[in-house]
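Structure file model18.cif (mmCIF, N, CA and C atoms) follows.
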```cif
data_target
#
loop_
_atom_site.label_atom_id
_atom_site.label_comp_id
_atom_site.auth_asym_id
_atom_site.auth_seq_id
_atom_site.Cartn_x
_atom_site.Cartn_y
_atom_site.Cartn_z
N MET A 1 -57.70 148.71 -33.54
CA MET A 1 -58.97 148.68 -34.23
C MET A 1 -58.97 147.60 -35.32
N ALA A 2 -57.94 147.56 -36.12
CA ALA A 2 -57.85 146.57 -37.19
C ALA A 2 -57.80 145.16 -36.60
N LEU A 3 -57.14 145.01 -35.47
CA LEU A 3 -57.05 143.70 -34.83
C LEU A 3 -58.43 143.24 -34.36
N ALA A 4 -59.25 144.13 -33.88
CA ALA A 4 -60.60 143.80 -33.45
C ALA A 4 -61.45 143.35 -34.64
N ILE A 5 -61.30 144.02 -35.77
CA ILE A 5 -62.05 143.65 -36.96
C ILE A 5 -61.62 142.27 -37.45
N VAL A 6 -60.32 142.02 -37.48
CA VAL A 6 -59.82 140.71 -37.89
C VAL A 6 -60.32 139.63 -36.93
N GLY A 7 -60.31 139.92 -35.65
CA GLY A 7 -60.81 138.96 -34.66
C GLY A 7 -62.29 138.65 -34.86
N ALA A 8 -63.09 139.67 -35.13
CA ALA A 8 -64.53 139.47 -35.35
C ALA A 8 -64.76 138.64 -36.62
N LEU A 9 -64.00 138.92 -37.67
CA LEU A 9 -64.13 138.15 -38.91
C LEU A 9 -63.72 136.70 -38.69
N LEU A 10 -62.67 136.48 -37.93
CA LEU A 10 -62.22 135.12 -37.65
C LEU A 10 -63.27 134.35 -36.86
N LEU A 11 -63.86 134.97 -35.86
CA LEU A 11 -64.90 134.30 -35.07
C LEU A 11 -66.14 134.00 -35.90
N SER A 12 -66.54 134.94 -36.74
CA SER A 12 -67.71 134.68 -37.58
C SER A 12 -67.42 133.59 -38.61
N GLY A 13 -66.21 133.54 -39.11
CA GLY A 13 -65.81 132.48 -40.05
C GLY A 13 -65.82 131.12 -39.40
N LEU A 14 -65.36 131.05 -38.15
CA LEU A 14 -65.38 129.77 -37.43
C LEU A 14 -66.81 129.31 -37.17
N ALA A 15 -67.69 130.24 -36.82
CA ALA A 15 -69.09 129.89 -36.58
C ALA A 15 -69.73 129.37 -37.87
N LEU A 16 -69.45 130.01 -38.97
CA LEU A 16 -69.99 129.57 -40.26
C LEU A 16 -69.46 128.19 -40.63
N PHE A 17 -68.20 127.94 -40.37
CA PHE A 17 -67.60 126.64 -40.64
C PHE A 17 -68.28 125.55 -39.81
N ALA A 18 -68.59 125.84 -38.55
CA ALA A 18 -69.26 124.86 -37.69
C ALA A 18 -70.66 124.56 -38.20
N LEU A 19 -71.38 125.57 -38.65
CA LEU A 19 -72.72 125.36 -39.20
C LEU A 19 -72.69 124.54 -40.48
N GLU A 20 -71.69 124.79 -41.30
CA GLU A 20 -71.58 124.07 -42.57
C GLU A 20 -71.35 122.58 -42.34
N GLY A 21 -70.56 122.24 -41.32
CA GLY A 21 -70.31 120.82 -41.02
C GLY A 21 -71.58 120.10 -40.63
N GLY A 22 -72.42 120.75 -39.83
CA GLY A 22 -73.70 120.15 -39.44
C GLY A 22 -74.61 119.97 -40.64
N ALA A 23 -74.63 120.95 -41.52
CA ALA A 23 -75.46 120.86 -42.72
C ALA A 23 -74.99 119.72 -43.61
N ARG A 24 -73.68 119.56 -43.74
CA ARG A 24 -73.15 118.45 -44.55
C ARG A 24 -73.56 117.10 -43.98
N ARG A 25 -73.49 116.96 -42.63
CA ARG A 25 -73.89 115.70 -42.01
C ARG A 25 -75.38 115.42 -42.21
N ARG A 26 -76.21 116.45 -42.12
CA ARG A 26 -77.65 116.28 -42.34
C ARG A 26 -77.95 115.86 -43.77
N VAL A 27 -77.31 116.52 -44.73
CA VAL A 27 -77.53 116.20 -46.14
C VAL A 27 -77.07 114.77 -46.43
N ALA A 28 -75.95 114.36 -45.87
CA ALA A 28 -75.46 112.99 -46.08
C ALA A 28 -76.43 111.97 -45.49
N ALA A 29 -77.00 112.26 -44.33
CA ALA A 29 -77.97 111.34 -43.71
C ALA A 29 -79.25 111.28 -44.53
N HIS A 30 -79.72 112.42 -45.03
CA HIS A 30 -80.92 112.44 -45.89
C HIS A 30 -80.68 111.61 -47.15
N ALA A 31 -79.54 111.79 -47.78
CA ALA A 31 -79.22 111.05 -49.00
C ALA A 31 -79.13 109.55 -48.73
N ALA A 32 -78.52 109.17 -47.61
CA ALA A 32 -78.42 107.74 -47.26
C ALA A 32 -79.79 107.15 -47.01
N ALA A 33 -80.68 107.89 -46.36
CA ALA A 33 -82.04 107.39 -46.09
C ALA A 33 -82.81 107.21 -47.39
N GLU A 34 -82.72 108.17 -48.27
CA GLU A 34 -83.45 108.06 -49.53
C GLU A 34 -82.90 106.95 -50.40
N SER A 35 -81.61 106.74 -50.37
CA SER A 35 -81.01 105.64 -51.13
C SER A 35 -81.48 104.29 -50.56
N ALA A 36 -81.58 104.18 -49.24
CA ALA A 36 -82.06 102.94 -48.62
C ALA A 36 -83.52 102.69 -48.98
N LEU A 37 -84.32 103.74 -49.05
CA LEU A 37 -85.72 103.59 -49.46
C LEU A 37 -85.82 103.05 -50.88
N VAL A 38 -85.01 103.59 -51.78
CA VAL A 38 -85.04 103.15 -53.18
C VAL A 38 -84.58 101.69 -53.28
N ARG A 39 -83.52 101.32 -52.56
CA ARG A 39 -83.05 99.93 -52.59
C ARG A 39 -84.14 98.98 -52.08
N ALA A 40 -84.80 99.35 -50.98
CA ALA A 40 -85.86 98.49 -50.43
C ALA A 40 -87.03 98.39 -51.41
N TRP A 41 -87.39 99.50 -52.06
CA TRP A 41 -88.48 99.48 -53.04
C TRP A 41 -88.14 98.53 -54.19
N GLU A 42 -86.92 98.60 -54.68
CA GLU A 42 -86.52 97.73 -55.78
C GLU A 42 -86.51 96.26 -55.35
N GLU A 43 -86.13 95.99 -54.11
CA GLU A 43 -86.19 94.61 -53.60
C GLU A 43 -87.64 94.12 -53.55
N LEU A 44 -88.55 94.99 -53.15
CA LEU A 44 -89.97 94.63 -53.13
C LEU A 44 -90.49 94.39 -54.54
N ARG A 45 -90.14 95.27 -55.46
CA ARG A 45 -90.60 95.13 -56.85
C ARG A 45 -90.09 93.83 -57.47
N ALA A 46 -88.88 93.46 -57.12
CA ALA A 46 -88.28 92.25 -57.70
C ALA A 46 -88.80 90.98 -57.03
N GLY A 47 -89.55 91.12 -55.94
CA GLY A 47 -90.08 89.95 -55.25
C GLY A 47 -89.10 89.30 -54.30
N ARG A 48 -88.00 89.97 -53.99
CA ARG A 48 -86.99 89.40 -53.10
C ARG A 48 -87.23 89.74 -51.63
N MET A 49 -88.32 90.46 -51.37
CA MET A 49 -88.66 90.83 -50.00
C MET A 49 -90.15 90.55 -49.80
N PRO A 50 -90.51 89.94 -48.68
CA PRO A 50 -91.94 89.61 -48.47
C PRO A 50 -92.78 90.87 -48.23
N LEU A 51 -94.03 90.80 -48.65
CA LEU A 51 -94.97 91.90 -48.41
C LEU A 51 -95.58 91.71 -47.02
N ALA A 52 -94.87 92.17 -46.02
CA ALA A 52 -95.33 92.04 -44.64
C ALA A 52 -95.02 93.32 -43.89
N THR A 53 -95.99 93.82 -43.16
CA THR A 53 -95.79 95.03 -42.36
C THR A 53 -94.78 94.74 -41.26
N GLY A 54 -93.85 95.65 -41.05
CA GLY A 54 -92.85 95.50 -39.99
C GLY A 54 -91.52 96.13 -40.35
N ALA A 55 -90.55 95.87 -39.50
CA ALA A 55 -89.20 96.41 -39.71
C ALA A 55 -88.51 95.69 -40.86
N ILE A 56 -87.62 96.40 -41.53
CA ILE A 56 -86.84 95.86 -42.65
C ILE A 56 -85.38 95.84 -42.23
N GLU A 57 -84.67 94.81 -42.61
CA GLU A 57 -83.27 94.63 -42.21
C GLU A 57 -82.28 95.43 -43.05
N GLU A 58 -82.74 96.37 -43.82
CA GLU A 58 -81.87 97.24 -44.63
C GLU A 58 -81.23 98.28 -43.71
N THR A 59 -79.94 98.52 -43.87
CA THR A 59 -79.27 99.53 -43.04
C THR A 59 -78.76 100.67 -43.91
N PHE A 60 -78.57 101.81 -43.28
CA PHE A 60 -77.96 102.95 -43.95
C PHE A 60 -77.21 103.77 -42.91
N GLU A 61 -76.31 104.60 -43.40
CA GLU A 61 -75.41 105.33 -42.50
C GLU A 61 -76.06 106.59 -41.95
N ALA A 62 -76.60 106.45 -40.74
CA ALA A 62 -77.16 107.56 -39.98
C ALA A 62 -77.35 107.05 -38.55
N ASP A 63 -77.44 107.96 -37.61
CA ASP A 63 -77.67 107.55 -36.23
C ASP A 63 -79.09 107.04 -36.07
N ASP A 64 -79.25 105.96 -35.29
CA ASP A 64 -80.56 105.36 -35.01
C ASP A 64 -81.35 105.07 -36.29
N ALA A 65 -80.68 104.59 -37.31
CA ALA A 65 -81.32 104.34 -38.61
C ALA A 65 -82.22 103.11 -38.55
N ALA A 66 -83.43 103.26 -39.09
CA ALA A 66 -84.37 102.14 -39.14
C ALA A 66 -85.28 102.31 -40.35
N LEU A 67 -85.62 101.18 -40.97
CA LEU A 67 -86.57 101.16 -42.09
C LEU A 67 -87.76 100.31 -41.68
N ALA A 68 -88.95 100.75 -42.09
CA ALA A 68 -90.16 99.99 -41.80
C ALA A 68 -91.04 99.97 -43.04
N LEU A 69 -91.83 98.92 -43.15
CA LEU A 69 -92.75 98.76 -44.28
C LEU A 69 -94.16 98.62 -43.74
N GLU A 70 -95.08 99.36 -44.36
CA GLU A 70 -96.51 99.22 -44.06
C GLU A 70 -97.18 98.74 -45.34
N VAL A 71 -97.97 97.67 -45.23
CA VAL A 71 -98.64 97.08 -46.39
C VAL A 71 -100.14 97.15 -46.17
N TYR A 72 -100.85 97.67 -47.17
CA TYR A 72 -102.31 97.79 -47.12
C TYR A 72 -102.89 97.14 -48.38
N GLY A 73 -103.95 96.39 -48.20
CA GLY A 73 -104.64 95.80 -49.34
C GLY A 73 -105.49 96.85 -50.04
N THR A 74 -105.86 96.57 -51.27
CA THR A 74 -106.75 97.45 -52.04
C THR A 74 -107.94 96.64 -52.52
N ALA A 75 -108.89 97.30 -53.15
CA ALA A 75 -110.08 96.62 -53.68
C ALA A 75 -109.73 95.71 -54.86
N THR A 76 -108.61 95.98 -55.50
CA THR A 76 -108.17 95.17 -56.65
C THR A 76 -107.34 94.00 -56.14
N ALA A 77 -107.65 92.81 -56.63
CA ALA A 77 -106.91 91.62 -56.21
C ALA A 77 -105.43 91.74 -56.57
N ASP A 78 -104.57 91.35 -55.66
CA ASP A 78 -103.11 91.32 -55.84
C ASP A 78 -102.46 92.70 -56.00
N LEU A 79 -103.20 93.76 -55.71
CA LEU A 79 -102.65 95.11 -55.75
C LEU A 79 -102.54 95.62 -54.31
N TYR A 80 -101.35 96.07 -53.94
CA TYR A 80 -101.09 96.50 -52.57
C TYR A 80 -100.60 97.95 -52.56
N ARG A 81 -101.01 98.66 -51.53
CA ARG A 81 -100.48 100.02 -51.31
C ARG A 81 -99.40 99.89 -50.25
N LEU A 82 -98.21 100.36 -50.58
CA LEU A 82 -97.05 100.23 -49.69
C LEU A 82 -96.58 101.59 -49.22
N ARG A 83 -96.07 101.61 -48.00
CA ARG A 83 -95.44 102.81 -47.47
C ARG A 83 -94.15 102.38 -46.77
N LEU A 84 -93.03 102.82 -47.31
CA LEU A 84 -91.72 102.59 -46.71
C LEU A 84 -91.34 103.84 -45.92
N VAL A 85 -90.85 103.66 -44.70
CA VAL A 85 -90.48 104.80 -43.86
C VAL A 85 -89.06 104.59 -43.35
N ALA A 86 -88.22 105.60 -43.55
CA ALA A 86 -86.86 105.61 -43.00
C ALA A 86 -86.84 106.62 -41.86
N SER A 87 -86.47 106.17 -40.67
CA SER A 87 -86.35 107.05 -39.51
C SER A 87 -84.88 107.08 -39.10
N TYR A 88 -84.40 108.26 -38.73
CA TYR A 88 -82.99 108.40 -38.38
C TYR A 88 -82.76 109.70 -37.63
N ARG A 89 -81.56 109.85 -37.09
CA ARG A 89 -81.16 111.08 -36.40
C ARG A 89 -79.92 111.63 -37.09
N ALA A 90 -79.86 112.95 -37.16
CA ALA A 90 -78.69 113.63 -37.72
C ALA A 90 -78.54 114.95 -36.98
N THR A 91 -77.35 115.25 -36.57
CA THR A 91 -77.03 116.47 -35.82
C THR A 91 -77.96 116.66 -34.63
N GLY A 92 -78.30 115.56 -33.96
CA GLY A 92 -79.10 115.63 -32.75
C GLY A 92 -80.60 115.76 -32.96
N ARG A 93 -81.07 115.77 -34.19
CA ARG A 93 -82.50 115.91 -34.48
C ARG A 93 -83.02 114.67 -35.18
N SER A 94 -84.29 114.35 -34.95
CA SER A 94 -84.93 113.20 -35.59
C SER A 94 -85.53 113.61 -36.92
N PHE A 95 -85.40 112.70 -37.89
CA PHE A 95 -85.94 112.92 -39.23
C PHE A 95 -86.60 111.65 -39.71
N SER A 96 -87.46 111.77 -40.68
CA SER A 96 -88.00 110.59 -41.36
C SER A 96 -88.29 110.95 -42.81
N ARG A 97 -88.13 109.97 -43.66
CA ARG A 97 -88.43 110.09 -45.07
C ARG A 97 -89.34 108.91 -45.40
N SER A 98 -90.23 109.10 -46.35
CA SER A 98 -91.11 107.98 -46.71
C SER A 98 -91.26 107.90 -48.22
N LEU A 99 -91.62 106.72 -48.67
CA LEU A 99 -91.88 106.45 -50.08
C LEU A 99 -93.16 105.64 -50.12
N GLU A 100 -94.13 106.08 -50.90
CA GLU A 100 -95.41 105.38 -51.02
C GLU A 100 -95.65 105.01 -52.47
N GLY A 101 -96.29 103.88 -52.66
CA GLY A 101 -96.61 103.46 -54.02
C GLY A 101 -97.51 102.25 -54.03
N LEU A 102 -97.88 101.87 -55.23
CA LEU A 102 -98.72 100.69 -55.45
C LEU A 102 -97.85 99.58 -56.06
N LEU A 103 -98.09 98.37 -55.63
CA LEU A 103 -97.33 97.23 -56.14
C LEU A 103 -98.29 96.10 -56.46
N TRP A 104 -98.20 95.59 -57.65
CA TRP A 104 -99.01 94.45 -58.05
C TRP A 104 -98.14 93.21 -57.94
N ARG A 105 -98.61 92.26 -57.16
CA ARG A 105 -97.86 91.02 -57.01
C ARG A 105 -98.84 89.85 -57.10
N PRO A 106 -98.80 89.13 -58.23
CA PRO A 106 -99.75 88.00 -58.42
C PRO A 106 -99.43 86.83 -57.51
#
```
Encoded form (structure tokens):
Amino acid sequence: MALAIVGALLLSGLALFALEGGARRRVAAHAAAESALVRAWEELRAGRMPLATGAIEETFEADDAALALEVYGTATADLYRLRLVASYRATGRSFSRSLEGLLWRP
């Protein structure tokens, strides 16, 4: 009887350990995507990246990682609405994170 209880506890502990590893990989991929978004935003703010809709050559550590920029004009001259999107896969699932803001560039 005691051996059965120990066996059940061991199996449940292994299952929990497997779930924790997947969660760690997902959190690491989310953090890498958000860090890439912030780096790209700062490059745009500094004027080191052109304001053009399309893919961005910034990379981050995740499966199928890609960054894209969408640029929209506004009614105010030299003011642009930007949307940065990070798309990636982690633990077999697709995710995306985005950052939106306004940028004035004379």
DSSP strand (DSSP E) residues within chain A, listed as number ranges by chain: A: 54-56, 63-73, 79-90, 93-104
I need the residue set behind the PyMOL selection byres ((chain A and resi 90-102) around 6.5) for this file; please write it as a compact mmCIF listing (two decimals) with N, CA and C atoms, in the frame of the given file.
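Saved file expr-v4.txt follows:
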```
# COMPACT_ATOMS: atom_id res chain seq x y z
N GLY A 22 -72.42 120.75 -39.83
CA GLY A 22 -73.70 120.15 -39.44
C GLY A 22 -74.61 119.97 -40.64
N ARG A 25 -73.49 116.96 -42.63
CA ARG A 25 -73.89 115.70 -42.01
C ARG A 25 -75.38 115.42 -42.21
N ARG A 26 -76.21 116.45 -42.12
CA ARG A 26 -77.65 116.28 -42.34
C ARG A 26 -77.95 115.86 -43.77
N ALA A 29 -77.00 112.26 -44.33
CA ALA A 29 -77.97 111.34 -43.71
C ALA A 29 -79.25 111.28 -44.53
N ASP A 63 -77.44 107.96 -37.61
CA ASP A 63 -77.67 107.55 -36.23
C ASP A 63 -79.09 107.04 -36.07
N LEU A 79 -103.20 93.76 -55.71
CA LEU A 79 -102.65 95.11 -55.75
C LEU A 79 -102.54 95.62 -54.31
N TYR A 80 -101.35 96.07 -53.94
CA TYR A 80 -101.09 96.50 -52.57
C TYR A 80 -100.60 97.95 -52.56
N ARG A 81 -101.01 98.66 -51.53
CA ARG A 81 -100.48 100.02 -51.31
C ARG A 81 -99.40 99.89 -50.25
N LEU A 82 -98.21 100.36 -50.58
CA LEU A 82 -97.05 100.23 -49.69
C LEU A 82 -96.58 101.59 -49.22
N ARG A 83 -96.07 101.61 -48.00
CA ARG A 83 -95.44 102.81 -47.47
C ARG A 83 -94.15 102.38 -46.77
N LEU A 84 -93.03 102.82 -47.31
CA LEU A 84 -91.72 102.59 -46.71
C LEU A 84 -91.34 103.84 -45.92
N VAL A 85 -90.85 103.66 -44.70
CA VAL A 85 -90.48 104.80 -43.86
C VAL A 85 -89.06 104.59 -43.35
N ALA A 86 -88.22 105.60 -43.55
CA ALA A 86 -86.86 105.61 -43.00
C ALA A 86 -86.84 106.62 -41.86
N SER A 87 -86.47 106.17 -40.67
CA SER A 87 -86.35 107.05 -39.51
C SER A 87 -84.88 107.08 -39.10
N TYR A 88 -84.40 108.26 -38.73
CA TYR A 88 -82.99 108.40 -38.38
C TYR A 88 -82.76 109.70 -37.63
N ARG A 89 -81.56 109.85 -37.09
CA ARG A 89 -81.16 111.08 -36.40
C ARG A 89 -79.92 111.63 -37.09
N LEU A 103 -98.09 98.37 -55.63
CA LEU A 103 -97.33 97.23 -56.14
C LEU A 103 -98.29 96.10 -56.46
N TRP A 104 -98.20 95.59 -57.65
CA TRP A 104 -99.01 94.45 -58.05
C TRP A 104 -98.14 93.21 -57.94
```
Coordinates-based distance that separates atom N of Ala33 of chain A from atom N of Ile56 of chain A (Å, one decimal):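 So the answer is 14.3 Å.
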Selected residue, from A:Ala77, A:Val38, A:Ala2, A:Val71, that lies nearest to Thr53 of chain A when counting all atoms listed in the file: A:Val71
Residues near Gly54 of chain A, cut-off 8 Å, all atoms listed in the file, skip fewer than 6 positions along chain, as a list in words: Leu67, Ala68, Leu69, Glu70 and Val71 of chain A
Test item: which residues lie within 7 Å of (-81.2, 104.0, -43.6) counting only C-alpha atoms, as a list of chain:residue names: A:Ala32, A:Ala33, A:Ala36, A:Glu58, A:Thr59, A:Phe60, A:Glu61, A:Ala62, A:Ala65, A:Ala66, A:Leu67, A:Ala86
Computed interatomic separation between atom CA of Pro106 of chain A and atom CA of Glu34 of chain A (Å):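 According to the coordinates, atom CA of Pro106 of chain A and atom CA of Glu34 of chain A are separated by 27.3 Å.
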Atom pair atom CA of Leu51 of chain A / atom CA of Gly73 of chain A: separation (Å): 10.5 Å
DSSP-assigned alpha helix (DSSP H) among chain A, expressed as JSON, numbers by chain: {"A": [2, 3, 4, 5, 6, 7, 8, 9, 10, 11, 12, 13, 14, 15, 16, 17, 18, 19, 20, 21, 22, 23, 24, 25, 26, 27, 28, 29, 30, 31, 32, 33, 34, 35, 36, 37, 38, 39, 40, 41, 42, 43, 44, 45, 46]}
Edge lengths and centre in Å to one decimal, as JSON, is what I'm after for the box along x, y and z that holds all listed atoms of segment 82-100 of chain A once 6 Å is added on each side.
```
{"center_x": -87.6, "center_y": 108.4, "center_z": -42.6, "size_x": 33.2, "size_y": 28.4, "size_z": 31.7}
```
